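Below is one structure; the comments refer to it alone.
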Amino acid sequence: MGKTKETKSYKMDANTKNVINYFEQISKVPRGSGNETGIREFMVAWANKHKFENQVDETGNLIIRVPATKGMENNPKIVLQGHLDMVCEKTPDSNHDFTKDPIETIIEGEWMRANNTTLGADDGVALAISMALVTDSSVKHPDLELLFTVDEERGLTGANGLGENVLKGKYLINLDSENEGVFTIGCAGGKDTHLALDLEYDEVPNDYVPFLIKVAGCTGGHSGENISCERANAIRVLARIIQNLENITDIRIINIHGGSAHNAIPRDCEATFFAPVADKESIEDVATKMAKIIKSEFSETDPNIQLVLDESFEPQDRRAMLSWLSVKVLDFLRAIPHGVASTIKKLNLTETSSNLAIVKVVEGQLLVQTSQRSSVISRRDAITSRVESVGRLAGAHVWSGNGYVPWQPNFDSELVKQCQDIYKKLFKTEPKVVTIHAGLECGIIGDKHPGMEMISIGPDAVDIHSPTERLYLPSVGKVYELVAHFLEDLK
């Protein structure tokens, strides 16, 4: 585990090879959100080896200061920024332990992926590019600050905990985007909501038999960038199927769980339940019909979606939720908003959305987590209030986090203009300048550092926050070259 496998040859240029070498080292260190101690210690050891001044703040963020190369001392200071943590997602058949196992990377042609887990290019590639740049003697640069934050994926905790005016850079280059040739200069704000519904159980009748039902193989993806793709949400699909079963018989839910991260569209969900043995054939028939319907509806977005009904399941006892409560749970999960709520018409971009992210049963409660996003604070709060209203109507305990603010775009930024000119000179084409429906730390960092100009870039990566995440290797070298010229040419 942790060693890169190459199934097909791809000849990397020296810069790409250097970045990937650092990325492979990073991939050996577990770094799920909330478990960044190991990767931070790895980065501190690297900084000390190269005699770079570094500090860890109270939140756990790491700042590494790299002195200017000769002749660049008077150029504007620049911040290179990324986050230490990664989303930990794996396929149902993977036994990977994200708390201790290294990521096993695989190179196939021009792409790198992991072995049935998230790759962690989001945002390990930011660390790797930064490390490669500042140890490359051919790269000229001013004074640099490398800011690597913690717990970005669970709620931008590191950025929120960053002190005011601790950075001295005039410009900040965020390396947390996934489209080469695209400059991101704005993003959505977000807020998470937690809902807890009290459950009651009793013994089921003797003529009831147990079932296990699961939805698996959904495409999933980033809950911001991919929410407009209308991919299947495994939690909603499963609740819909069981609701159809409940229409023909008494369903007594034992357990239900699905989703694993607030910022990922759930790919898998399963539930166990009891139902009358007399309706066994009807249940099988409805499940078969629903499987065909679901596969047809999501044939383009989720070609590998599967519905499995297992009648060999054996529960520990014969207790299940009360009948009326089982119905309530299904209604609750079906009523919680999910998907795009509004768009920015003139830009054809998602403005506001909600993601039904996680459901599980813990100590007699149904726990649900959702994640809302919007580029407009009032609409972020409005969709959050709607989720909370559904929770209160169901009688659930409801609470939401403080959230984070949008990063409002500045299309007249001097930094953006300079970066556009440099890109065009290098690659003979115009970069795209966009805002995205995802959370970036720039908005929060910018609020703490008035006047700092920011831009977000990165190499091509697809299906982030899912086990099919892949990094396009030729784009890594382009981004490296681009940032190297930014460091030398920005005034």
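In the structure tokens, chains take letters A, B, ... by order of appearance, with residues numbered from 1 within each chain and ligands from 1 in the order shown.
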
Neighbour list for Glu246 (chain A) as JSON, numbers by chain, cut-off 12 Å, only C-alpha atoms, skip fewer than 2 positions in-chain: {"A": [239, 240, 241, 242, 243, 244, 248, 249, 250, 251, 252, 253, 273, 274, 275, 276, 279, 282, 283, 286, 287, 323, 324, 326, 327, 328, 329, 330, 331]}

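Close contacts of region 442-452 of chain A, defined as residues with an atom at most 7 Å away when counting only C-alpha atoms, with chain neighbours fewer than 4 positions off set aside, comprise Ala159, Asn160, Glu164, Asn165, Lys170, Tyr171, Val405, Pro406 and Trp407 of chain A.
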
Would you mind exporting N, CA, C and O atoms of the selected residues as a short mmCIF file (atom, residue, chain, number, x, y, z; two decimals), in the first residue's frame?
```
data_model
loop_
_atom_site.label_atom_id
_atom_site.label_comp_id
_atom_site.auth_asym_id
_atom_site.auth_seq_id
_atom_site.Cartn_x
_atom_site.Cartn_y
_atom_site.Cartn_z
N ALA A 159 -9.45 28.20 7.95
CA ALA A 159 -9.55 29.58 7.47
C ALA A 159 -10.31 30.45 8.47
O ALA A 159 -9.93 31.59 8.72
N ASN A 160 -11.37 29.89 9.05
CA ASN A 160 -12.14 30.65 10.03
C ASN A 160 -11.31 30.96 11.27
O ASN A 160 -11.51 31.99 11.92
N GLU A 164 -6.31 37.67 12.12
CA GLU A 164 -6.40 38.80 11.19
C GLU A 164 -5.01 39.37 10.93
O GLU A 164 -4.19 39.52 11.83
N ASN A 165 -4.76 39.66 9.65
CA ASN A 165 -3.53 40.31 9.21
C ASN A 165 -2.26 39.54 9.60
O ASN A 165 -1.19 40.14 9.78
N LYS A 170 0.77 40.56 -0.67
CA LYS A 170 -0.15 41.43 -1.42
C LYS A 170 -1.11 40.60 -2.25
O LYS A 170 -2.28 40.96 -2.42
N TYR A 171 -0.62 39.48 -2.76
CA TYR A 171 -1.41 38.58 -3.59
C TYR A 171 -1.50 37.20 -2.95
O TYR A 171 -0.55 36.75 -2.30
N VAL A 405 -18.79 32.85 4.44
CA VAL A 405 -19.29 33.86 3.50
C VAL A 405 -18.86 33.55 2.08
O VAL A 405 -17.86 32.86 1.85
N PRO A 406 -19.60 34.06 1.09
CA PRO A 406 -19.15 33.92 -0.30
C PRO A 406 -17.90 34.76 -0.54
O PRO A 406 -17.62 35.71 0.19
N TRP A 407 -17.18 34.39 -1.55
CA TRP A 407 -16.05 35.19 -2.04
C TRP A 407 -16.58 35.98 -3.23
O TRP A 407 -16.81 35.43 -4.30
#
```

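If only C-alpha atoms are the atoms counted, then among A:Val66, A:Ala264, A:Ile185, A:Leu322 the closest residue to Gln369 (chain A) is A:Ala264.
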
A:Glu58, A:Asp85, A:Glu53, A:Glu41 ranked by distance to Leu146 (chain A), top pick (using only C-alpha atoms): A:Glu53

Selection near region 380-387 of chain A, 9 Å with only C-alpha atoms, sequence-local residues under 4 positions removed, as an mmCIF file with N, CA, C and O atoms, in the first residue's frame:
```
data_model
loop_
_atom_site.group_PDB
_atom_site.id
_atom_site.type_symbol
_atom_site.label_atom_id
_atom_site.label_comp_id
_atom_site.auth_asym_id
_atom_site.auth_seq_id
_atom_site.Cartn_x
_atom_site.Cartn_y
_atom_site.Cartn_z
ATOM 1 N N ALA A 188 -19.210 30.370 -3.736
ATOM 2 C CA ALA A 188 -20.397 30.412 -2.896
ATOM 3 C C ALA A 188 -20.040 30.377 -1.413
ATOM 4 O O ALA A 188 -18.976 29.900 -1.029
ATOM 5 N N GLY A 189 -20.957 30.882 -0.596
ATOM 6 C CA GLY A 189 -20.874 30.693 0.844
ATOM 7 C C GLY A 189 -21.649 29.434 1.206
ATOM 8 O O GLY A 189 -22.378 28.871 0.381
ATOM 9 N N GLY A 190 -21.514 28.978 2.424
ATOM 10 C CA GLY A 190 -22.182 27.739 2.795
ATOM 11 C C GLY A 190 -22.523 27.656 4.262
ATOM 12 O O GLY A 190 -22.054 28.446 5.089
ATOM 13 N N LYS A 191 -23.370 26.672 4.584
ATOM 14 C CA LYS A 191 -23.754 26.430 5.970
ATOM 15 C C LYS A 191 -24.249 24.993 6.083
ATOM 16 O O LYS A 191 -24.926 24.490 5.189
ATOM 17 N N ASP A 192 -23.891 24.321 7.181
ATOM 18 C CA ASP A 192 -24.337 22.954 7.436
ATOM 19 C C ASP A 192 -25.453 22.950 8.466
ATOM 20 O O ASP A 192 -25.478 23.783 9.383
ATOM 21 N N THR A 193 -26.356 21.982 8.327
ATOM 22 C CA THR A 193 -27.459 21.817 9.275
ATOM 23 C C THR A 193 -27.490 20.378 9.768
ATOM 24 O O THR A 193 -27.301 19.444 8.984
ATOM 25 N N ALA A 335 -38.659 14.784 2.203
ATOM 26 C CA ALA A 335 -39.057 16.199 2.213
ATOM 27 C C ALA A 335 -37.873 17.151 2.316
ATOM 28 O O ALA A 335 -37.975 18.313 1.913
ATOM 29 N N ILE A 336 -36.754 16.688 2.844
ATOM 30 C CA ILE A 336 -35.588 17.571 2.996
ATOM 31 C C ILE A 336 -35.105 18.024 1.616
ATOM 32 O O ILE A 336 -34.888 17.200 0.729
ATOM 33 N N PRO A 337 -34.934 19.314 1.410
ATOM 34 C CA PRO A 337 -34.511 19.818 0.099
ATOM 35 C C PRO A 337 -33.165 19.243 -0.335
ATOM 36 O O PRO A 337 -32.238 19.109 0.475
ATOM 37 N N ALA A 341 -31.566 24.987 -6.064
ATOM 38 C CA ALA A 341 -32.747 25.758 -5.664
ATOM 39 C C ALA A 341 -32.948 26.982 -6.551
ATOM 40 O O ALA A 341 -34.080 27.381 -6.812
ATOM 41 N N THR A 352 -27.917 28.781 -5.692
ATOM 42 C CA THR A 352 -28.263 28.252 -4.378
ATOM 43 C C THR A 352 -28.601 26.773 -4.489
ATOM 44 O O THR A 352 -29.270 26.355 -5.441
ATOM 45 N N SER A 353 -28.118 25.979 -3.528
ATOM 46 C CA SER A 353 -28.409 24.544 -3.556
ATOM 47 C C SER A 353 -28.376 23.972 -2.144
ATOM 48 O O SER A 353 -27.911 24.617 -1.195
ATOM 49 N N SER A 354 -28.855 22.739 -2.034
ATOM 50 C CA SER A 354 -28.783 22.008 -0.775
ATOM 51 C C SER A 354 -28.426 20.565 -1.063
ATOM 52 O O SER A 354 -28.847 20.008 -2.088
ATOM 53 N N THR A 370 -27.120 18.030 6.440
ATOM 54 C CA THR A 370 -27.268 18.636 5.116
ATOM 55 C C THR A 370 -26.255 19.762 4.967
ATOM 56 O O THR A 370 -25.710 20.273 5.948
ATOM 57 N N SER A 371 -26.020 20.151 3.716
ATOM 58 C CA SER A 371 -25.080 21.232 3.433
ATOM 59 C C SER A 371 -25.709 22.162 2.406
ATOM 60 O O SER A 371 -26.125 21.714 1.334
ATOM 61 N N GLN A 372 -25.803 23.450 2.739
ATOM 62 C CA GLN A 372 -26.394 24.436 1.846
ATOM 63 C C GLN A 372 -25.322 25.387 1.314
ATOM 64 O O GLN A 372 -24.382 25.727 2.037
ATOM 65 N N ARG A 373 -25.496 25.818 0.066
ATOM 66 C CA ARG A 373 -24.555 26.760 -0.550
ATOM 67 C C ARG A 373 -25.324 27.843 -1.301
ATOM 68 O O ARG A 373 -26.389 27.587 -1.853
ATOM 69 N N SER A 374 -24.728 29.019 -1.349
ATOM 70 C CA SER A 374 -25.269 30.085 -2.197
ATOM 71 C C SER A 374 -24.234 31.187 -2.339
ATOM 72 O O SER A 374 -23.439 31.436 -1.426
ATOM 73 N N SER A 375 -24.257 31.836 -3.490
ATOM 74 C CA SER A 375 -23.409 33.007 -3.699
ATOM 75 C C SER A 375 -24.057 34.259 -3.117
ATOM 76 O O SER A 375 -23.465 35.339 -3.131
ATOM 77 N N VAL A 376 -25.290 34.121 -2.609
ATOM 78 C CA VAL A 376 -26.009 35.227 -1.973
ATOM 79 C C VAL A 376 -26.311 34.817 -0.529
ATOM 80 O O VAL A 376 -27.025 33.833 -0.304
ATOM 81 N N GLY A 391 -37.283 20.006 9.415
ATOM 82 C CA GLY A 391 -36.893 19.298 10.630
ATOM 83 C C GLY A 391 -37.844 19.554 11.777
ATOM 84 O O GLY A 391 -38.253 18.621 12.485
ATOM 85 N N ARG A 392 -38.212 20.814 11.968
ATOM 86 C CA ARG A 392 -39.127 21.133 13.063
ATOM 87 C C ARG A 392 -40.502 20.516 12.843
ATOM 88 O O ARG A 392 -41.145 20.050 13.788
ATOM 89 N N SER A 400 -27.888 24.602 13.217
ATOM 90 C CA SER A 400 -27.037 24.896 12.058
ATOM 91 C C SER A 400 -25.774 25.606 12.503
ATOM 92 O O SER A 400 -25.771 26.327 13.509
#
```

Test item: residues at most 10 Å from region 425-431 of chain A, only C-alpha atoms, excluding those fewer than 4 positions along its chain, as a list in words: Glu180, Gly181, Val182, Phe183, Cys419, Gln420, Asp421, Lys478, Glu481, Leu482 and His485 of chain A

Proximity to Ala234 (chain A) - best of A:Gly60, A:Pro30, A:Pro266, A:Gly82, only C-alpha atoms: A:Pro266

Which of A:Ala14, A:Ala394, A:Val204, A:Leu440 sits closest to Glu152 (chain A) [using only C-alpha atoms]: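 Among A:Ala14, A:Ala394, A:Val204, A:Leu440, it is A:Leu440 that comes nearest to Glu152 (chain A).
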
Non-local contacts of Cys218 (chain A) (6 Å; only C-alpha atoms; under 6 positions in same chain excluded) as a ChimeraX atom specification: /A:267,302,305

All strand (DSSP E or B) positions in region 34-157 of chain A, as a count of residues only: 32

Which residues in region 202-402 of chain A does DSSP call alpha helix (DSSP H)? List them as a short mmCIF file (atom, residue, chain, number, x, y, z; two decimals) with N, CA and C atoms, in the first residue's frame.
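Wrote part13.cif, looks like this:
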```
data_model
loop_
_atom_site.label_atom_id
_atom_site.label_comp_id
_atom_site.auth_asym_id
_atom_site.auth_seq_id
_atom_site.Cartn_x
_atom_site.Cartn_y
_atom_site.Cartn_z
N ALA A 234 -28.12 8.72 -3.23
CA ALA A 234 -28.48 7.37 -2.79
C ALA A 234 -29.47 7.37 -1.63
N ILE A 235 -29.39 8.37 -0.75
CA ILE A 235 -30.32 8.43 0.38
C ILE A 235 -31.74 8.67 -0.12
N ARG A 236 -31.88 9.64 -1.01
CA ARG A 236 -33.22 9.96 -1.53
C ARG A 236 -33.78 8.81 -2.36
N VAL A 237 -32.92 8.17 -3.16
CA VAL A 237 -33.38 7.05 -3.98
C VAL A 237 -33.87 5.91 -3.10
N LEU A 238 -33.12 5.59 -2.05
CA LEU A 238 -33.52 4.49 -1.17
C LEU A 238 -34.82 4.81 -0.44
N ALA A 239 -34.93 6.03 0.07
CA ALA A 239 -36.17 6.42 0.76
C ALA A 239 -37.36 6.32 -0.19
N ARG A 240 -37.17 6.70 -1.42
CA ARG A 240 -38.25 6.62 -2.43
C ARG A 240 -38.67 5.17 -2.66
N ILE A 241 -37.68 4.28 -2.77
CA ILE A 241 -38.00 2.87 -3.03
C ILE A 241 -38.75 2.27 -1.84
N ILE A 242 -38.25 2.52 -0.63
CA ILE A 242 -38.92 1.96 0.55
C ILE A 242 -40.32 2.54 0.71
N GLN A 243 -40.48 3.81 0.33
CA GLN A 243 -41.80 4.43 0.39
C GLN A 243 -42.77 3.72 -0.55
N ASN A 244 -42.27 3.29 -1.70
CA ASN A 244 -43.11 2.52 -2.62
C ASN A 244 -43.46 1.15 -2.03
N LEU A 245 -42.55 0.57 -1.29
CA LEU A 245 -42.87 -0.69 -0.61
C LEU A 245 -43.89 -0.45 0.50
N GLU A 246 -43.76 0.66 1.18
CA GLU A 246 -44.69 0.98 2.27
C GLU A 246 -46.11 1.20 1.76
N LYS A 280 -44.11 -10.96 0.91
CA LYS A 280 -42.75 -11.14 0.43
C LYS A 280 -42.66 -11.05 -1.10
N GLU A 281 -43.53 -11.74 -1.81
CA GLU A 281 -43.49 -11.72 -3.27
C GLU A 281 -43.81 -10.34 -3.82
N SER A 282 -44.76 -9.66 -3.19
CA SER A 282 -45.12 -8.30 -3.63
C SER A 282 -43.94 -7.34 -3.43
N ILE A 283 -43.22 -7.51 -2.33
CA ILE A 283 -42.05 -6.67 -2.06
C ILE A 283 -40.99 -6.90 -3.13
N GLU A 284 -40.75 -8.17 -3.46
CA GLU A 284 -39.78 -8.49 -4.50
C GLU A 284 -40.18 -7.89 -5.83
N ASP A 285 -41.47 -7.97 -6.14
CA ASP A 285 -41.97 -7.45 -7.41
C ASP A 285 -41.81 -5.93 -7.50
N VAL A 286 -42.19 -5.23 -6.44
CA VAL A 286 -42.08 -3.77 -6.43
C VAL A 286 -40.61 -3.35 -6.48
N ALA A 287 -39.75 -4.03 -5.74
CA ALA A 287 -38.33 -3.70 -5.75
C ALA A 287 -37.73 -3.88 -7.14
N THR A 288 -38.13 -4.94 -7.82
CA THR A 288 -37.63 -5.19 -9.19
C THR A 288 -38.09 -4.09 -10.14
N LYS A 289 -39.37 -3.73 -10.05
CA LYS A 289 -39.90 -2.67 -10.91
C LYS A 289 -39.23 -1.33 -10.62
N MET A 290 -39.03 -1.02 -9.33
CA MET A 290 -38.39 0.24 -8.97
C MET A 290 -36.93 0.29 -9.44
N ALA A 291 -36.25 -0.85 -9.40
CA ALA A 291 -34.86 -0.91 -9.86
C ALA A 291 -34.79 -0.54 -11.34
N LYS A 292 -35.72 -1.05 -12.14
CA LYS A 292 -35.74 -0.72 -13.56
C LYS A 292 -36.03 0.76 -13.79
N ILE A 293 -36.97 1.29 -13.00
CA ILE A 293 -37.33 2.70 -13.14
C ILE A 293 -36.13 3.60 -12.79
N ILE A 294 -35.50 3.29 -11.66
CA ILE A 294 -34.37 4.11 -11.20
C ILE A 294 -33.21 4.05 -12.19
N LYS A 295 -32.91 2.86 -12.67
CA LYS A 295 -31.81 2.72 -13.64
C LYS A 295 -32.11 3.49 -14.91
N SER A 296 -33.37 3.50 -15.32
CA SER A 296 -33.76 4.23 -16.52
C SER A 296 -33.64 5.74 -16.30
N GLU A 297 -34.13 6.21 -15.16
CA GLU A 297 -34.10 7.64 -14.88
C GLU A 297 -32.68 8.19 -14.79
N SER A 323 -44.52 1.47 13.40
CA SER A 323 -45.00 1.60 12.02
C SER A 323 -45.13 3.05 11.60
N TRP A 324 -45.81 3.86 12.42
CA TRP A 324 -46.02 5.26 12.06
C TRP A 324 -44.71 6.02 12.00
N LEU A 325 -43.74 5.60 12.86
CA LEU A 325 -42.46 6.28 12.87
C LEU A 325 -41.63 5.92 11.64
N SER A 326 -41.77 4.69 11.16
CA SER A 326 -41.08 4.29 9.93
C SER A 326 -41.56 5.14 8.76
N VAL A 327 -42.88 5.36 8.72
CA VAL A 327 -43.45 6.22 7.68
C VAL A 327 -42.92 7.64 7.81
N LYS A 328 -42.84 8.12 9.04
CA LYS A 328 -42.36 9.48 9.30
C LYS A 328 -40.91 9.66 8.85
N VAL A 329 -40.08 8.66 9.11
CA VAL A 329 -38.67 8.72 8.69
C VAL A 329 -38.57 8.85 7.18
N LEU A 330 -39.36 8.06 6.47
CA LEU A 330 -39.34 8.12 5.00
C LEU A 330 -39.82 9.47 4.50
N ASP A 331 -40.92 9.97 5.08
CA ASP A 331 -41.43 11.29 4.69
C ASP A 331 -40.39 12.38 4.96
N PHE A 332 -39.73 12.27 6.11
CA PHE A 332 -38.72 13.23 6.52
C PHE A 332 -37.58 13.29 5.50
N LEU A 333 -37.05 12.13 5.14
CA LEU A 333 -35.94 12.08 4.19
C LEU A 333 -36.34 12.52 2.79
N ARG A 334 -37.58 12.27 2.44
CA ARG A 334 -38.07 12.67 1.12
C ARG A 334 -38.35 14.17 1.05
N ALA A 335 -38.66 14.78 2.20
CA ALA A 335 -39.06 16.20 2.21
C ALA A 335 -37.87 17.15 2.32
N ILE A 377 -25.76 35.56 0.44
CA ILE A 377 -25.89 35.18 1.84
C ILE A 377 -27.36 35.01 2.25
N SER A 378 -28.22 35.93 1.82
CA SER A 378 -29.63 35.85 2.23
C SER A 378 -30.29 34.58 1.72
N ARG A 379 -29.90 34.13 0.53
CA ARG A 379 -30.49 32.90 -0.01
C ARG A 379 -29.85 31.66 0.61
N ARG A 380 -28.58 31.76 0.99
CA ARG A 380 -27.98 30.66 1.76
C ARG A 380 -28.76 30.45 3.05
N ASP A 381 -29.07 31.57 3.72
CA ASP A 381 -29.80 31.48 4.98
C ASP A 381 -31.25 31.05 4.75
N ALA A 382 -31.82 31.43 3.61
CA ALA A 382 -33.21 31.06 3.33
C ALA A 382 -33.35 29.56 3.09
N ILE A 383 -32.42 28.97 2.32
CA ILE A 383 -32.50 27.53 2.07
C ILE A 383 -32.18 26.76 3.35
N THR A 384 -31.31 27.31 4.19
CA THR A 384 -31.03 26.69 5.48
C THR A 384 -32.27 26.72 6.36
N SER A 385 -32.97 27.84 6.36
CA SER A 385 -34.20 27.95 7.14
C SER A 385 -35.26 26.96 6.66
N ARG A 386 -35.27 26.72 5.35
CA ARG A 386 -36.23 25.75 4.80
C ARG A 386 -35.92 24.34 5.31
N VAL A 387 -34.64 23.97 5.33
CA VAL A 387 -34.24 22.66 5.86
C VAL A 387 -34.63 22.57 7.34
N GLU A 388 -34.36 23.63 8.08
CA GLU A 388 -34.71 23.65 9.50
C GLU A 388 -36.21 23.52 9.71
N SER A 389 -37.00 24.15 8.84
CA SER A 389 -38.46 24.07 8.94
C SER A 389 -38.95 22.64 8.77
N VAL A 390 -38.39 21.94 7.80
CA VAL A 390 -38.76 20.54 7.59
C VAL A 390 -38.44 19.73 8.84
N GLY A 391 -37.28 20.01 9.42
CA GLY A 391 -36.89 19.30 10.63
C GLY A 391 -37.84 19.55 11.78
N ARG A 392 -38.21 20.81 11.97
CA ARG A 392 -39.13 21.13 13.06
C ARG A 392 -40.50 20.52 12.84
N LEU A 393 -40.98 20.52 11.59
CA LEU A 393 -42.27 19.90 11.30
C LEU A 393 -42.26 18.41 11.62
#
```
